[in-house]
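The file coords.pdb contains PDB, C-alpha atoms, pLDDT in the B column:
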ATOM      1  CA  MET M 701      34.996  26.315  90.765  1.00 55.00           C
ATOM      2  CA  THR M 702      32.150  24.900  92.825  1.00 62.00           C
ATOM      3  CA  VAL M 703      30.420  21.592  92.147  1.00 59.00           C
ATOM      4  CA  ASN M 704      27.164  23.436  91.312  1.00 62.00           C
ATOM      5  CA  ASN M 705      28.936  25.488  88.620  1.00 69.00           C
ATOM      6  CA  GLN M 706      30.459  22.321  87.152  1.00 66.00           C
ATOM      7  CA  ILE M 707      27.062  20.623  87.063  1.00 66.00           C
ATOM      8  CA  ALA M 708      25.440  23.650  85.399  1.00 65.00           C
ATOM      9  CA  LYS M 709      28.103  23.723  82.671  1.00 68.00           C
ATOM     10  CA  ILE M 710      27.715  19.988  82.000  1.00 69.00           C
ATOM     11  CA  VAL M 711      23.925  20.330  81.695  1.00 65.00           C
ATOM     12  CA  ILE M 712      24.272  23.272  79.273  1.00 69.00           C
ATOM     13  CA  VAL M 713      26.707  21.347  77.059  1.00 65.00           C
ATOM     14  CA  PHE M 714      24.365  18.333  76.948  1.00 64.00           C
ATOM     15  CA  LEU M 715      21.392  20.537  76.021  1.00 61.00           C
ATOM     16  CA  PHE M 716      23.336  21.992  73.089  1.00 63.00           C
ATOM     17  CA  VAL M 717      24.392  18.516  71.924  1.00 62.00           C
ATOM     18  CA  ILE M 718      20.834  17.189  72.190  1.00 59.00           C
ATOM     19  CA  SER M 719      19.326  20.134  70.312  1.00 59.00           C
ATOM     20  CA  GLY M 720      21.873  19.727  67.499  1.00 57.00           C
ATOM     21  CA  ILE M 721      21.181  16.006  67.172  1.00 53.00           C
ATOM     22  CA  LEU M 722      17.412  16.480  67.213  1.00 52.00           C
ATOM     23  CA  GLN M 723      17.614  19.030  64.404  1.00 52.00           C
ATOM     24  CA  THR M 724      19.598  16.684  62.148  1.00 51.00           C
ATOM     25  CA  HIS M 725      17.725  13.414  62.851  1.00 49.00           C
ATOM     26  CA  ALA M 726      13.959  13.246  62.489  1.00 52.00           C
ATOM     27  CA  GLN M 727      13.565   9.554  63.447  1.00 80.00           C
ATOM     28  CA  VAL M 728      13.570   9.535  67.259  1.00 90.00           C
ATOM     29  CA  THR M 729      12.397   6.550  69.343  1.00 92.00           C
ATOM     30  CA  PHE M 730      11.976   6.077  73.088  1.00 94.00           C
ATOM     31  CA  ARG M 731      12.130   2.730  74.926  1.00 96.00           C
ATOM     32  CA  PRO M 732      12.097   2.240  78.711  1.00 97.00           C
ATOM     33  CA  GLY M 733      14.133  -0.449  80.415  1.00 97.00           C
ATOM     34  CA  VAL M 734      15.332  -1.973  83.673  1.00 98.00           C
ATOM     35  CA  ARG M 735      18.851  -2.882  84.788  1.00 98.00           C
ATOM     36  CA  GLY M 736      20.464  -4.654  87.709  1.00 98.00           C
ATOM     37  CA  GLY M 737      23.565  -6.467  88.824  1.00 98.00           C
ATOM     38  CA  ALA M 738      26.554  -6.546  91.151  1.00 98.00           C
ATOM     39  CA  ASN M 739      28.691  -3.666  92.450  1.00 97.00           C
ATOM     40  CA  PHE M 740      32.333  -4.125  93.432  1.00 97.00           C
ATOM     41  CA  SER M 741      33.229  -0.881  95.177  1.00 95.00           C
ATOM     42  CA  HIS M 742      36.013   0.583  97.280  1.00 93.00           C
ATOM     43  CA  PHE M 743      37.322   3.915  98.508  1.00 91.00           C
ATOM     44  CA  THR M 744      40.487   5.355  97.038  1.00 89.00           C
ATOM     45  CA  LYS M 745      43.477   5.156  99.349  1.00 80.00           C
ATOM     46  CA  GLY M 746      43.878   8.928  99.485  1.00 64.00           C
ATOM     47  CA  ASN M 747      46.278  11.482  98.103  1.00 55.00           C
ATOM     48  CA  ASP M 748      48.894  10.814 100.843  1.00 49.00           C
ATOM     49  CA  TYR M 749      48.994   7.038 100.286  1.00 45.00           C
ATOM     50  CA  TYR M 750      52.716   6.957  99.556  1.00 41.00           C
ATOM     51  CA  SER M 751      53.665   9.344 102.362  1.00 40.00           C
ATOM     52  CA  ASP M 752      55.452   7.770 105.341  1.00 40.00           C
ATOM     53  CA  ASN M 753      53.509   9.878 107.845  1.00 40.00           C
ATOM     54  CA  SER M 754      50.060   8.849 106.580  1.00 42.00           C
ATOM     55  CA  THR M 755      48.185   6.489 108.874  1.00 44.00           C
ATOM     56  CA  SER M 756      46.056   5.489 105.862  1.00 44.00           C
ATOM     57  CA  ASN M 757      49.018   3.378 104.743  1.00 45.00           C
ATOM     58  CA  ASN M 758      48.012   0.939 107.478  1.00 51.00           C
ATOM     59  CA  PHE M 759      44.292   1.007 106.665  1.00 60.00           C
ATOM     60  CA  ASN M 760      43.163  -1.345 103.931  1.00 70.00           C
ATOM     61  CA  TYR M 761      40.230  -0.030 101.851  1.00 80.00           C
ATOM     62  CA  GLY M 762      39.301  -3.301 100.206  1.00 87.00           C
ATOM     63  CA  THR M 763      36.509  -4.319  97.868  1.00 91.00           C
ATOM     64  CA  HIS M 764      32.903  -4.283  99.059  1.00 92.00           C
ATOM     65  CA  THR M 765      30.465  -6.433  97.043  1.00 94.00           C
ATOM     66  CA  ASP M 766      26.815  -5.358  96.794  1.00 96.00           C
ATOM     67  CA  PHE M 767      24.119  -4.689  94.157  1.00 97.00           C
ATOM     68  CA  TYR M 768      22.455  -2.062  91.996  1.00 98.00           C
ATOM     69  CA  ILE M 769      18.999  -1.899  90.440  1.00 98.00           C
ATOM     70  CA  GLY M 770      17.306   0.768  88.388  1.00 98.00           C
ATOM     71  CA  PHE M 771      15.412   1.859  85.322  1.00 97.00           C
ATOM     72  CA  TYR M 772      16.199   3.969  82.287  1.00 98.00           C
ATOM     73  CA  GLY M 773      14.762   5.590  79.202  1.00 96.00           C
ATOM     74  CA  ALA M 774      16.628   4.979  75.937  1.00 96.00           C
ATOM     75  CA  LEU M 775      16.081   7.982  73.661  1.00 95.00           C
ATOM     76  CA  LYS M 776      17.495   6.797  70.319  1.00 94.00           C
ATOM     77  CA  LEU M 777      18.384   9.919  68.393  1.00 94.00           C
ATOM     78  CA  SER M 778      20.228   8.307  65.483  1.00 91.00           C
ATOM     79  CA  LYS M 779      21.289   4.872  64.256  1.00 89.00           C
ATOM     80  CA  PHE M 780      24.421   4.987  66.421  1.00 93.00           C
ATOM     81  CA  TYR M 781      23.617   7.438  69.261  1.00 95.00           C
ATOM     82  CA  THR M 782      21.245   7.055  72.220  1.00 96.00           C
ATOM     83  CA  LEU M 783      20.797   9.472  75.097  1.00 97.00           C
ATOM     84  CA  GLN M 784      19.965   7.396  78.177  1.00 97.00           C
ATOM     85  CA  PRO M 785      18.858   8.995  81.455  1.00 97.00           C
ATOM     86  CA  GLU M 786      18.867   6.518  84.375  1.00 97.00           C
ATOM     87  CA  PHE M 787      17.653   6.298  87.957  1.00 98.00           C
ATOM     88  CA  ASP M 788      19.431   3.655  90.040  1.00 98.00           C
ATOM     89  CA  TYR M 789      19.665   2.441  93.608  1.00 98.00           C
ATOM     90  CA  SER M 790      23.352   1.670  94.144  1.00 98.00           C
ATOM     91  CA  ALA M 791      24.619  -0.102  97.280  1.00 97.00           C
ATOM     92  CA  GLN M 792      28.289   0.775  97.693  1.00 96.00           C
ATOM     93  CA  GLY M 793      31.015   1.108 100.295  1.00 93.00           C
ATOM     94  CA  SER M 794      34.427  -0.251 101.117  1.00 92.00           C
ATOM     95  CA  GLY M 795      36.028  -2.909 103.203  1.00 84.00           C
ATOM     96  CA  ALA M 796      38.145  -1.352 105.956  1.00 75.00           C
ATOM     97  CA  ASN M 797      40.364  -3.859 107.787  1.00 72.00           C
ATOM     98  CA  THR M 798      37.952  -5.839 109.995  1.00 74.00           C
ATOM     99  CA  LYS M 799      34.745  -3.902 109.207  1.00 80.00           C
ATOM    100  CA  GLU M 800      32.670  -2.838 106.228  1.00 86.00           C
ATOM    101  CA  LEU M 801      31.749   0.780 105.487  1.00 91.00           C
ATOM    102  CA  ASN M 802      28.343   0.815 103.764  1.00 94.00           C
ATOM    103  CA  VAL M 803      26.801   3.738 101.894  1.00 96.00           C
ATOM    104  CA  ASP M 804      23.834   3.494  99.518  1.00 97.00           C
ATOM    105  CA  TYR M 805      22.969   6.054  96.861  1.00 98.00           C
ATOM    106  CA  LEU M 806      20.065   7.073  94.666  1.00 98.00           C
ATOM    107  CA  SER M 807      21.825   7.829  91.391  1.00 97.00           C
ATOM    108  CA  VAL M 808      20.664  10.067  88.550  1.00 97.00           C
ATOM    109  CA  GLU M 809      22.749   9.418  85.435  1.00 97.00           C
ATOM    110  CA  LEU M 810      22.809  10.901  81.936  1.00 97.00           C
ATOM    111  CA  LEU M 811      24.626   8.518  79.614  1.00 97.00           C
ATOM    112  CA  ASN M 812      25.719   8.930  76.015  1.00 97.00           C
ATOM    113  CA  LYS M 813      25.538   5.532  74.333  1.00 97.00           C
ATOM    114  CA  PHE M 814      27.156   4.728  70.990  1.00 97.00           C
ATOM    115  CA  THR M 815      26.054   1.425  69.427  1.00 95.00           C
ATOM    116  CA  PHE M 816      27.925  -0.485  66.717  1.00 93.00           C
ATOM    117  CA  ASN M 817      26.457  -3.341  64.601  1.00 91.00           C
ATOM    118  CA  ASP M 818      23.273  -3.187  66.750  1.00 87.00           C
ATOM    119  CA  LYS M 819      25.141  -5.335  69.304  1.00 94.00           C
ATOM    120  CA  PHE M 820      28.154  -3.713  70.953  1.00 97.00           C
ATOM    121  CA  ASN M 821      27.955  -0.330  72.698  1.00 97.00           C
ATOM    122  CA  ILE M 822      30.128   2.007  74.691  1.00 98.00           C
ATOM    123  CA  HIS M 823      28.622   4.566  77.035  1.00 97.00           C
ATOM    124  CA  PHE M 824      29.786   7.380  79.273  1.00 97.00           C
ATOM    125  CA  GLY M 825      28.436  10.360  81.159  1.00 97.00           C
ATOM    126  CA  PRO M 826      27.993  12.131  84.488  1.00 97.00           C
ATOM    127  CA  THR M 827      26.018  10.974  87.507  1.00 97.00           C
ATOM    128  CA  LEU M 828      24.733  12.649  90.656  1.00 97.00           C
ATOM    129  CA  ASP M 829      24.502  10.286  93.637  1.00 97.00           C
ATOM    130  CA  PHE M 830      22.463  11.157  96.746  1.00 97.00           C
ATOM    131  CA  VAL M 831      23.098   9.291 100.018  1.00 97.00           C
ATOM    132  CA  VAL M 832      19.991   7.407 101.185  1.00 97.00           C
ATOM    133  CA  SER M 833      21.574   5.057 103.750  1.00 95.00           C
ATOM    134  CA  LYS M 834      24.923   4.846 105.561  1.00 94.00           C
ATOM    135  CA  ASP M 835      26.547   3.289 108.621  1.00 91.00           C
ATOM    136  CA  PHE M 836      29.352   5.866 109.049  1.00 90.00           C
ATOM    137  CA  ASN M 837      29.678   9.643 108.854  1.00 91.00           C
ATOM    138  CA  THR M 838      30.134  10.555 105.202  1.00 90.00           C
ATOM    139  CA  GLU M 839      31.900  13.768 104.264  1.00 91.00           C
ATOM    140  CA  ALA M 840      28.995  14.811 102.004  1.00 92.00           C
ATOM    141  CA  ASP M 841      25.392  13.763 101.411  1.00 94.00           C
ATOM    142  CA  ALA M 842      25.968  13.595  97.652  1.00 95.00           C
ATOM    143  CA  ASP M 843      28.609  12.534  95.184  1.00 96.00           C
ATOM    144  CA  MET M 844      29.263  13.540  91.608  1.00 96.00           C
ATOM    145  CA  ALA M 845      30.866  10.888  89.461  1.00 97.00           C
ATOM    146  CA  PHE M 846      31.667   9.929  85.895  1.00 97.00           C
ATOM    147  CA  VAL M 847      30.722   6.609  84.301  1.00 98.00           C
ATOM    148  CA  LEU M 848      32.465   4.702  81.509  1.00 98.00           C
ATOM    149  CA  GLY M 849      31.122   1.379  80.312  1.00 98.00           C
ATOM    150  CA  ALA M 850      30.532  -1.142  77.551  1.00 98.00           C
ATOM    151  CA  GLY M 851      27.681  -3.482  76.738  1.00 98.00           C
ATOM    152  CA  TYR M 852      26.587  -6.228  74.410  1.00 98.00           C
ATOM    153  CA  ASN M 853      23.006  -6.849  73.202  1.00 96.00           C
ATOM    154  CA  PHE M 854      22.147 -10.514  72.652  1.00 97.00           C
ATOM    155  CA  THR M 855      18.702  -9.490  71.366  1.00 95.00           C
ATOM    156  CA  PRO M 856      17.094  -6.086  70.711  1.00 92.00           C
ATOM    157  CA  ASN M 857      15.715  -6.326  74.271  1.00 96.00           C
ATOM    158  CA  PHE M 858      18.278  -8.166  76.416  1.00 97.00           C
ATOM    159  CA  GLY M 859      21.928  -7.357  77.036  1.00 97.00           C
ATOM    160  CA  ILE M 860      24.814  -7.344  79.478  1.00 98.00           C
ATOM    161  CA  GLU M 861      26.994  -4.431  80.533  1.00 98.00           C
ATOM    162  CA  THR M 862      29.999  -3.550  82.633  1.00 98.00           C
ATOM    163  CA  ARG M 863      30.914  -0.129  83.998  1.00 98.00           C
ATOM    164  CA  VAL M 864      33.363   1.779  86.121  1.00 98.00           C
ATOM    165  CA  LYS M 865      32.212   4.815  88.104  1.00 97.00           C
ATOM    166  CA  LYS M 866      34.657   7.241  89.729  1.00 96.00           C
ATOM    167  CA  GLY M 867      33.453   9.768  92.284  1.00 95.00           C
ATOM    168  CA  ILE M 868      35.041  13.194  92.639  1.00 94.00           C
ATOM    169  CA  ILE M 869      33.599  14.312  95.989  1.00 94.00           C
ATOM    170  CA  ASN M 870      35.173  13.049  99.214  1.00 92.00           C
ATOM    171  CA  VAL M 871      33.045  10.333 100.786  1.00 92.00           C
ATOM    172  CA  TYR M 872      35.204   9.481 103.806  1.00 87.00           C
ATOM    173  CA  TYR M 873      38.020  11.104 105.754  1.00 83.00           C
ATOM    174  CA  ASP M 874      40.407   9.593 108.274  1.00 78.00           C
ATOM    175  CA  ASP M 875      43.700  11.409 107.871  1.00 74.00           C
ATOM    176  CA  VAL M 876      43.268  11.922 104.099  1.00 81.00           C
ATOM    177  CA  ASN M 877      40.327  12.169 101.720  1.00 85.00           C
ATOM    178  CA  HIS M 878      38.803   9.132 100.032  1.00 89.00           C
ATOM    179  CA  THR M 879      36.468   8.971  97.014  1.00 93.00           C
ATOM    180  CA  ASN M 880      34.230   6.257  95.561  1.00 95.00           C
ATOM    181  CA  VAL M 881      35.305   3.796  92.872  1.00 96.00           C
ATOM    182  CA  VAL M 882      32.690   1.295  91.635  1.00 97.00           C
ATOM    183  CA  PHE M 883      32.998  -1.535  89.113  1.00 98.00           C
ATOM    184  CA  SER M 884      29.639  -3.003  88.098  1.00 98.00           C
ATOM    185  CA  LEU M 885      28.536  -5.998  86.066  1.00 98.00           C
ATOM    186  CA  GLY M 886      24.922  -6.692  85.218  1.00 98.00           C
ATOM    187  CA  VAL M 887      22.096  -7.198  82.761  1.00 98.00           C
ATOM    188  CA  ASN M 888      19.536  -4.910  81.181  1.00 98.00           C
ATOM    189  CA  TYR M 889      16.170  -5.387  79.528  1.00 98.00           C
ATOM    190  CA  THR M 890      14.654  -2.806  77.163  1.00 96.00           C
ATOM    191  CA  PHE M 891      10.896  -2.932  76.563  1.00 96.00           C
ATOM    192  CA  ASP M 892       9.190  -2.541  73.187  1.00 90.00           C
ATOM    193  CA  VAL M 893       6.866   0.440  72.945  1.00 84.00           C
ATOM    194  CA  LYS M 894       4.116   0.401  70.334  1.00 73.00           C
TER     195      LYS M 894
END
Could you write out this structure as structure tokens?
Amino acid sequence: MTVNNQIAKIVIVFLFVISGILQTHAQVTFRPGVRGGANFSHFTKGNDYYSDNSTSNNFNYGTHTDFYIGFYGALKLSKFYTLQPEFDYSAQGSGANTKELNVDYLSVELLNKFTFNDKFNIHFGPTLDFVVSKDFNTEADADMAFVLGAGYNFTPNFGIETRVKKGIINVYYDDVNHTNVVFSLGVNYTFDVK
């Protein structure tokens, strides 16, 4: 199955979910917001990491620290459920022995956010990442990934969040394939719309 077919199926499923929620909940609100924070990213060590004949065993793909910044639209469809499309600039990469491998993405995310007690939330969903800057030859100019995260709202406008994002398309190849893994920690601010 190609990546395009997978993306098409995910979009169709989300459209059905959204249409069902909209039909059962008449009170829908929309609030824009901004988000930003730190990325702690690395490349996976590859599928042959434990093999004795893999030269990747001697190559350390360590943590690369950078940033992300973006904006979102929080479409609150019920008391507990919000559909949140996002557009982010995400600076990522991996440490590799004595050098850093840098790759920056423009990310388009579609998150499903479930909020409890108006404070704590969990969120997850797919993301499409497009390479906008790099200092090495990537295997592809895009990545598809899945996001899982949690957040806490101190006020109706301001909160903190942490996420993990795992890519599924190979970003780098030496003797085996490597994919993106990103841990992020940051803040968000949601604006009031009157």
Any idea what's packed within 7 Å of Val734 of chain M, counting only C-alpha atoms, ignoring anything in its chain fewer than 6 positions away? Could you give it as a VMD selection string? chain M and resid 770 to 772 888 to 890
The PyMOL selection byres ((chain M and resi 856-867) around 9) resolved against shown file, as a ChimeraX atom specification: /M:733,818-819,821,823-824,827,843-855,868-871,879-892
How would the residues just picked look written out with C-alpha atoms as an mmCIF file, in the frame of the given file?
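So result-v3.cif came out as:
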data_model
loop_
_atom_site.group_PDB
_atom_site.id
_atom_site.type_symbol
_atom_site.label_atom_id
_atom_site.label_comp_id
_atom_site.auth_asym_id
_atom_site.auth_seq_id
_atom_site.Cartn_x
_atom_site.Cartn_y
_atom_site.Cartn_z
ATOM 1 C CA GLY M 733 14.133 -0.449 80.415
ATOM 2 C CA ASP M 818 23.273 -3.187 66.750
ATOM 3 C CA LYS M 819 25.141 -5.335 69.304
ATOM 4 C CA ASN M 821 27.955 -0.330 72.698
ATOM 5 C CA HIS M 823 28.622 4.566 77.035
ATOM 6 C CA PHE M 824 29.786 7.380 79.273
ATOM 7 C CA THR M 827 26.018 10.974 87.507
ATOM 8 C CA ASP M 843 28.609 12.534 95.184
ATOM 9 C CA MET M 844 29.263 13.540 91.608
ATOM 10 C CA ALA M 845 30.866 10.888 89.461
ATOM 11 C CA PHE M 846 31.667 9.929 85.895
ATOM 12 C CA VAL M 847 30.722 6.609 84.301
ATOM 13 C CA LEU M 848 32.465 4.702 81.509
ATOM 14 C CA GLY M 849 31.122 1.379 80.312
ATOM 15 C CA ALA M 850 30.532 -1.142 77.551
ATOM 16 C CA GLY M 851 27.681 -3.482 76.738
ATOM 17 C CA TYR M 852 26.587 -6.228 74.410
ATOM 18 C CA ASN M 853 23.006 -6.849 73.202
ATOM 19 C CA PHE M 854 22.147 -10.514 72.652
ATOM 20 C CA THR M 855 18.702 -9.490 71.366
ATOM 21 C CA ILE M 868 35.041 13.194 92.639
ATOM 22 C CA ILE M 869 33.599 14.312 95.989
ATOM 23 C CA ASN M 870 35.173 13.049 99.214
ATOM 24 C CA VAL M 871 33.045 10.333 100.786
ATOM 25 C CA THR M 879 36.468 8.971 97.014
ATOM 26 C CA ASN M 880 34.230 6.257 95.561
ATOM 27 C CA VAL M 881 35.305 3.796 92.872
ATOM 28 C CA VAL M 882 32.690 1.295 91.635
ATOM 29 C CA PHE M 883 32.998 -1.535 89.113
ATOM 30 C CA SER M 884 29.639 -3.003 88.098
ATOM 31 C CA LEU M 885 28.536 -5.998 86.066
ATOM 32 C CA GLY M 886 24.922 -6.692 85.218
ATOM 33 C CA VAL M 887 22.096 -7.198 82.761
ATOM 34 C CA ASN M 888 19.536 -4.910 81.181
ATOM 35 C CA TYR M 889 16.170 -5.387 79.528
ATOM 36 C CA THR M 890 14.654 -2.806 77.163
ATOM 37 C CA PHE M 891 10.896 -2.932 76.563
ATOM 38 C CA ASP M 892 9.190 -2.541 73.187
#
Once you count only C-alpha atoms, which residues end up no further than 7 Å from (40.1, -2.7, 99.5) in the file's frame, shown as a VMD selection string? chain M and resid 742 760 to 763 794 to 796
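Residues matched by the PyMOL selection byres ((chain M and resi 831) around 7) in this structure: M:Val803, M:Asp804, M:Tyr805, M:Leu806, M:Asp829, M:Phe830, M:Val832, M:Ser833, M:Asp841, M:Ala842.
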Box centre and edge lengths (Å, one decimal), axis-aligned, segment 854-872 of chain M plus 3 Å each side, as AutoDock Vina command-line options:
--center_x 25.5 --center_y 1.9 --center_z 87.3 --size_x 25.5 --size_y 30.8 --size_z 39.1
Straight-line distance linking atom CA of Asn812 of chain M with atom CA of Asp766 of chain M, stated in Å to one decimal: 25.2 Å
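Nearest residue to Phe820 of chain M among M:Thr798, M:Lys834, M:Phe780, M:Val808 is M:Phe780, counting only C-alpha atoms.
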What does the distance between atom CA of Ile822 of chain M and atom CA of Lys745 of chain M come to in Å, to one decimal place? 28.2 Å
For Lys894 of chain M, list every protein, DNA or RNA residue within 12 Å, evaluated using all atoms listed in the file, and leave out those in the same chain fewer than 5 positions away; present the list as a PDB file with C-alpha atoms, in the frame of the given file.
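File written: result08.pdb
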ATOM      1  CA  THR M 729      12.397   6.550  69.343  1.00 92.00           C
ATOM      2  CA  PHE M 730      11.976   6.077  73.088  1.00 94.00           C
ATOM      3  CA  ARG M 731      12.130   2.730  74.926  1.00 96.00           C
ATOM      4  CA  PRO M 732      12.097   2.240  78.711  1.00 97.00           C
TER       5      PRO M 732
END
Would you mind reading off the distance between atom CA of Ala791 of chain M and atom CA of Asn837 of chain M, one decimal, in Å? 16.0 Å
Nearest residue to Ser790 of chain M out of M:Thr838, M:Ser741, M:Ser807, M:Gln727, using all atoms listed in the file? M:Ser807
Taking only C-alpha atoms, show segment 784-826 of chain M of the given structure as an mmCIF file, in the first residue's frame.
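Done, and the output landed in result05.cif:
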data_model
loop_
_atom_site.group_PDB
_atom_site.id
_atom_site.type_symbol
_atom_site.label_atom_id
_atom_site.label_comp_id
_atom_site.auth_asym_id
_atom_site.auth_seq_id
_atom_site.Cartn_x
_atom_site.Cartn_y
_atom_site.Cartn_z
ATOM 1 C CA GLN M 784 -7.448 20.786 15.962
ATOM 2 C CA PRO M 785 -5.713 21.339 12.613
ATOM 3 C CA GLU M 786 -2.187 22.781 13.005
ATOM 4 C CA PHE M 787 0.544 24.308 10.869
ATOM 5 C CA ASP M 788 4.003 24.190 12.453
ATOM 6 C CA TYR M 789 7.612 24.909 11.607
ATOM 7 C CA SER M 790 9.582 22.084 13.224
ATOM 8 C CA ALA M 791 13.396 22.113 13.399
ATOM 9 C CA GLN M 792 14.556 18.520 13.797
ATOM 10 C CA GLY M 793 17.494 16.230 13.137
ATOM 11 C CA SER M 794 19.868 13.950 14.962
ATOM 12 C CA GLY M 795 23.279 13.995 16.494
ATOM 13 C CA ALA M 796 25.627 11.683 14.590
ATOM 14 C CA ASN M 797 28.958 11.089 16.356
ATOM 15 C CA THR M 798 30.889 14.354 15.882
ATOM 16 C CA LYS M 799 28.364 16.187 13.663
ATOM 17 C CA GLU M 800 24.724 17.214 13.668
ATOM 18 C CA LEU M 801 22.261 16.258 10.927
ATOM 19 C CA ASN M 802 19.691 19.062 10.602
ATOM 20 C CA VAL M 803 16.369 18.863 8.773
ATOM 21 C CA ASP M 804 13.507 21.346 9.162
ATOM 22 C CA TYR M 805 9.892 20.643 8.266
ATOM 23 C CA LEU M 806 6.665 22.498 7.602
ATOM 24 C CA SER M 807 4.143 20.271 9.354
ATOM 25 C CA VAL M 808 0.414 19.961 8.700
ATOM 26 C CA GLU M 809 -1.273 18.121 11.571
ATOM 27 C CA LEU M 810 -4.842 17.026 12.277
ATOM 28 C CA LEU M 811 -5.206 16.311 15.983
ATOM 29 C CA ASN M 812 -8.072 14.798 17.935
ATOM 30 C CA LYS M 813 -8.108 16.377 21.387
ATOM 31 C CA PHE M 814 -10.071 14.998 24.334
ATOM 32 C CA THR M 815 -10.344 17.352 27.325
ATOM 33 C CA PHE M 816 -11.220 16.331 30.886
ATOM 34 C CA ASN M 817 -12.269 18.743 33.691
ATOM 35 C CA ASP M 818 -11.543 21.683 31.322
ATOM 36 C CA LYS M 819 -7.868 21.302 32.307
ATOM 37 C CA PHE M 820 -6.191 18.062 31.248
ATOM 38 C CA ASN M 821 -6.219 16.830 27.641
ATOM 39 C CA ILE M 822 -4.826 14.028 25.551
ATOM 40 C CA HIS M 823 -4.417 14.390 21.807
ATOM 41 C CA PHE M 824 -3.346 12.276 18.863
ATOM 42 C CA GLY M 825 -3.454 12.258 15.089
ATOM 43 C CA PRO M 826 -1.535 12.153 11.814
#
